[in-house]
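Everything below belongs to coords_5.pdb, which stores PDB, C-alpha atoms and all ligand atoms.
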```
ATOM      1  CA  MET U1448      -0.509   4.889 -15.235  1.00  0.00           C
ATOM      2  CA  PRO U1449       3.171   5.699 -15.807  1.00  0.00           C
ATOM      3  CA  VAL U1450       4.065   5.779 -12.074  1.00  0.00           C
ATOM      4  CA  VAL U1451       2.815   2.224 -11.536  1.00  0.00           C
ATOM      5  CA  TYR U1452       4.760   1.057 -14.580  1.00  0.00           C
ATOM      6  CA  LEU U1453       7.995   2.499 -13.197  1.00  0.00           C
ATOM      7  CA  ILE U1454       7.455   0.895  -9.804  1.00  0.00           C
ATOM      8  CA  VAL U1455       6.733  -2.591 -11.100  1.00  0.00           C
ATOM      9  CA  SER U1456       9.723  -2.397 -13.437  1.00  0.00           C
ATOM     10  CA  ASP U1457      12.030  -1.738 -10.460  1.00  0.00           C
ATOM     11  CA  SER U1458      12.522  -5.025  -8.611  1.00  0.00           C
ATOM     12  CA  ALA U1459      13.785  -3.221  -5.488  1.00  0.00           C
ATOM     13  CA  SER U1460      10.430  -1.525  -4.933  1.00  0.00           C
ATOM     14  CA  ARG U1461       8.076  -4.093  -6.435  1.00  0.00           C
ATOM     15  CA  PRO U1462       5.476  -5.616  -4.104  1.00  0.00           C
ATOM     16  CA  ALA U1463       5.575  -9.384  -3.900  1.00  0.00           C
ATOM     17  CA  GLY U1464       2.626 -11.670  -3.420  1.00  0.00           C
ATOM     18  CA  GLU U1465       0.251 -10.797  -6.251  1.00  0.00           C
ATOM     19  CA  PRO U1466      -0.991  -7.311  -5.318  1.00  0.00           C
ATOM     20  CA  GLY U1467      -4.753  -7.360  -5.703  1.00  0.00           C
ATOM     21  CA  SER U1468      -5.689  -3.892  -4.517  1.00  0.00           C
ATOM     22  CA  LEU U1469      -3.893  -0.581  -4.864  1.00  0.00           C
ATOM     23  CA  LEU U1470      -4.529   2.671  -3.035  1.00  0.00           C
ATOM     24  CA  ALA U1471      -2.782   6.038  -3.290  1.00  0.00           C
ATOM     25  CA  LEU U1472      -2.721   8.193  -0.172  1.00  0.00           C
ATOM     26  CA  ASP U1473      -0.212  10.140   1.891  1.00  0.00           C
ATOM     27  CA  ILE U1474       0.813   7.552   4.502  1.00  0.00           C
ATOM     28  CA  ASP U1475       3.704   9.489   6.042  1.00  0.00           C
ATOM     29  CA  GLY U1476       2.124  12.934   5.923  1.00  0.00           C
ATOM     30  CA  ASP U1477       4.828  14.553   3.801  1.00  0.00           C
ATOM     31  CA  GLY U1478       2.385  15.867   1.188  1.00  0.00           C
ATOM     32  CA  ASP U1479       3.293  13.282  -1.504  1.00  0.00           C
ATOM     33  CA  HIS U1480       0.997  10.426  -2.392  1.00  0.00           C
ATOM     34  CA  ASP U1481       2.350   7.026  -1.382  1.00  0.00           C
ATOM     35  CA  LEU U1482       1.040   3.692  -2.637  1.00  0.00           C
ATOM     36  CA  VAL U1483      -0.301   0.771  -0.628  1.00  0.00           C
ATOM     37  CA  THR U1484      -0.899  -2.668  -2.105  1.00  0.00           C
ATOM     38  CA  ALA U1485      -2.738  -5.608  -0.550  1.00  0.00           C
ATOM     39  CA  ASN U1486      -0.775  -8.760  -1.374  1.00  0.00           C
ATOM     40  CA  ALA U1487      -2.960 -11.805  -0.822  1.00  0.00           C
ATOM     41  CA  ALA U1488      -0.401 -14.473  -1.751  1.00  0.00           C
ATOM     42  CA  SER U1489       2.314 -13.167   0.581  1.00  0.00           C
ATOM     43  CA  ARG U1490      -0.234 -12.160   3.251  1.00  0.00           C
ATOM     44  CA  ASP U1491       1.144  -8.679   3.680  1.00  0.00           C
ATOM     45  CA  LEU U1492       0.716  -5.043   2.764  1.00  0.00           C
ATOM     46  CA  SER U1493       3.362  -3.159   0.829  1.00  0.00           C
ATOM     47  CA  VAL U1494       3.732   0.549   1.444  1.00  0.00           C
ATOM     48  CA  ILE U1495       5.664   2.256  -1.329  1.00  0.00           C
ATOM     49  CA  TYR U1496       6.798   5.569   0.075  1.00  0.00           C
ATOM     50  CA  ASN U1497       7.173   8.419  -2.382  1.00  0.00           C
ATOM     51  CA  ALA U1498      10.365  10.349  -1.637  1.00  0.00           C
ATOM     52  CA  GLY U1499       9.755  12.743  -4.549  1.00  0.00           C
ATOM     53  CA  GLY U1500      11.705  12.958  -7.780  1.00  0.00           C
ATOM     54  CA  MET U1501      10.457   9.513  -8.843  1.00  0.00           C
ATOM     55  CA  ARG U1502      12.288   7.886  -5.923  1.00  0.00           C
ATOM     56  CA  PHE U1503      10.406   5.222  -3.947  1.00  0.00           C
ATOM     57  CA  SER U1504      11.104   2.853  -1.083  1.00  0.00           C
ATOM     58  CA  LEU U1505       9.095  -0.195  -0.108  1.00  0.00           C
ATOM     59  CA  THR U1506       8.227  -1.602   3.332  1.00  0.00           C
ATOM     60  CA  ASN U1507       6.146  -4.747   3.861  1.00  0.00           C
ATOM     61  CA  PHE U1508       3.829  -5.284   6.810  1.00  0.00           C
ATOM     62  CA  GLY U1509       2.730  -8.835   7.618  1.00  0.00           C
ATOM     63  CA  MET U1510      -1.018  -9.324   8.025  1.00  0.00           C
ATOM     64  CA  GLY U1511      -1.358 -12.959   9.089  1.00  0.00           C
ATOM     65  CA  ASP U1512      -4.337 -13.487   6.812  1.00  0.00           C
ATOM     66  CA  ALA U1513      -4.545 -12.538   3.154  1.00  0.00           C
ATOM     67  CA  PRO U1514      -5.470  -8.857   2.659  1.00  0.00           C
ATOM     68  CA  THR U1515      -7.997  -8.535  -0.156  1.00  0.00           C
ATOM     69  CA  SER U1516      -8.900  -4.876  -0.565  1.00  0.00           C
ATOM     70  CA  LEU U1517      -8.046  -1.392   0.666  1.00  0.00           C
ATOM     71  CA  ALA U1518      -9.939   1.792   1.382  1.00  0.00           C
ATOM     72  CA  ALA U1519      -9.232   5.037   3.216  1.00  0.00           C
ATOM     73  CA  GLY U1520     -11.424   7.270   5.309  1.00  0.00           C
ATOM     74  CA  ASP U1521     -11.280   9.386   8.437  1.00  0.00           C
ATOM     75  CA  LEU U1522     -12.846   6.871  10.819  1.00  0.00           C
ATOM     76  CA  ASP U1523     -11.977   8.674  14.051  1.00  0.00           C
ATOM     77  CA  HIS U1524     -12.665  12.227  12.813  1.00  0.00           C
ATOM     78  CA  ASP U1525      -9.167  13.543  13.566  1.00  0.00           C
ATOM     79  CA  ALA U1526      -8.770  14.975  10.008  1.00  0.00           C
ATOM     80  CA  ASP U1527      -6.216  12.277   9.055  1.00  0.00           C
ATOM     81  CA  LEU U1528      -7.108   9.499   6.635  1.00  0.00           C
ATOM     82  CA  ASP U1529      -7.108   6.025   8.188  1.00  0.00           C
ATOM     83  CA  LEU U1530      -6.289   2.880   6.203  1.00  0.00           C
ATOM     84  CA  ILE U1531      -8.975   0.210   6.064  1.00  0.00           C
ATOM     85  CA  VAL U1532      -7.973  -3.322   5.077  1.00  0.00           C
ATOM     86  CA  SER U1533     -10.290  -6.232   4.464  1.00  0.00           C
ATOM     87  CA  LYS U1534      -8.767  -9.653   4.688  1.00  0.00           C
ATOM     88  CA  ALA U1535      -9.733 -13.231   4.142  1.00  0.00           C
ATOM     89  CA  SER U1536     -10.065 -15.333   7.252  1.00  0.00           C
ATOM     90  CA  SER U1537      -7.851 -18.383   7.524  1.00  0.00           C
ATOM     91  CA  LYS U1538     -10.505 -20.105   9.658  1.00  0.00           C
TER      92      LYS U1538
HETATM   93 CA    CA Q   1       3.793  10.608   1.512  1.00  0.00          CA
HETATM   94 CA    CA Q   2      -8.386   9.619  11.127  1.00  0.00          CA
END
```
How does this structure look as structure tokens?
Ligand SMILES: [Ca+2]
Ligand SMILES: [Ca+2]
Amino acid sequence: MPVVYLIVSDSASRPAGEPGSLLALDIDGDGDHDLVTANAASRDLSVIYNAGGMRFSLTNFGMGDAPTSLAAGDLDHDADLDLIVSKASSK
């Protein structure tokens, strides 16, 4: 997995919080696969946008509870993949 190696070796685009699940899908609809990680320790998701040419940028999205795994599917039948996140309850 050479792409994952390059991302984790770049501290500017490395997810924090012990990523436990990784999913590749086109989040921003530009035709390039982006990466999403579920980070249980930091209780957030990291989206690593693929700008092409081995350039990436990372945005974190707080989840409140610890996200544990990721999946994608077209839940609403609009032909776009939807992101499905399972998370551990804090209660
Ligand atoms: Ca993309
Ligand atoms: Ca959809």
Shell around Leu1517 in chain U at 10 Å using only C-alpha atoms, local window under 6 positions removed, as a PyMOL selection string: chain U and resi 1467-1471+1483-1485+1492+1530-1534
Write the selection just made, keeping C-alpha atoms, as a short mmCIF file (atom, residue, chain, number, x, y, z; two decimals), keeping the file's coordinate frame?
```
data_model
loop_
_atom_site.label_atom_id
_atom_site.label_comp_id
_atom_site.auth_asym_id
_atom_site.auth_seq_id
_atom_site.Cartn_x
_atom_site.Cartn_y
_atom_site.Cartn_z
CA GLY U 1467 -4.75 -7.36 -5.70
CA SER U 1468 -5.69 -3.89 -4.52
CA LEU U 1469 -3.89 -0.58 -4.86
CA LEU U 1470 -4.53 2.67 -3.04
CA ALA U 1471 -2.78 6.04 -3.29
CA VAL U 1483 -0.30 0.77 -0.63
CA THR U 1484 -0.90 -2.67 -2.10
CA ALA U 1485 -2.74 -5.61 -0.55
CA LEU U 1492 0.72 -5.04 2.76
CA LEU U 1530 -6.29 2.88 6.20
CA ILE U 1531 -8.98 0.21 6.06
CA VAL U 1532 -7.97 -3.32 5.08
CA SER U 1533 -10.29 -6.23 4.46
CA LYS U 1534 -8.77 -9.65 4.69
#
```
Non-local contacts of Asp1479 in chain U (9 Å; only C-alpha atoms; under 3 positions in same chain excluded) as number ranges by chain: U: 1472-1476, 1496-1499
Using all atoms listed in the file, the shortest atom-to-atom distance to ligand CA 1 (chain Q) among U:Phe1503, U:Pro1466, U:Pro1514, U:Arg1490 belongs to U:Phe1503
For Asp1491 in chain U, which residue among U:Thr1515, U:Ala1535, U:Gly1509, U:Leu1528 is the nearest when counting all atoms listed in the file? U:Gly1509
8 Å shell around ligand CA 2 (chain Q) using all atoms listed in the file, listed as JSON, numbers by chain: {"U": [1520, 1521, 1522, 1523, 1524, 1525, 1526, 1527, 1528, 1529]}
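Closest approach to ligand CA 1 (chain Q) among U:Met1501, U:Leu1482, U:Ala1488, U:Ala1513 is made by U:Leu1482 (distances from all atoms listed in the file).
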Can you tell me, as AutoDock Vina command-line options, the centre and edge lengths (Å, one decimal) of the axis-aligned box enclosing all of range 1477-1482 of chain U's listed atoms after padding each side by 5 Å?
```
--center_x 2.9 --center_y 9.8 --center_z 0.6 --size_x 13.8 --size_y 22.2 --size_z 16.4
```
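Proximity to ligand CA 1 (chain Q) was assessed for U:Asp1481, U:Asn1486, U:Ser1536, U:Glu1465 counting all atoms listed in the file; the smallest distance is recorded for U:Asp1481.
With CA of Ile1495 in chain U on one side and CA of Met1510 in chain U on the other, the separation reads 16.3 Å.
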Just to confirm, what's the straight-line distance from CA of Ser1489 in chain U to CA of Asp1512 in chain U in Å (one decimal)? 9.1 Å
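Between ligand CA 1 (chain Q) and the residues U:Ala1519, U:Gly1478, U:Ala1487, U:Phe1508, the shortest atom-to-atom distance, using all atoms listed in the file, involves U:Gly1478.
Candidate residues U:Thr1506, U:Ser1493, U:His1480, U:Ala1518 were compared for distance to ligand CA 1 (chain Q), and the nearest is U:His1480, using all atoms listed in the file.
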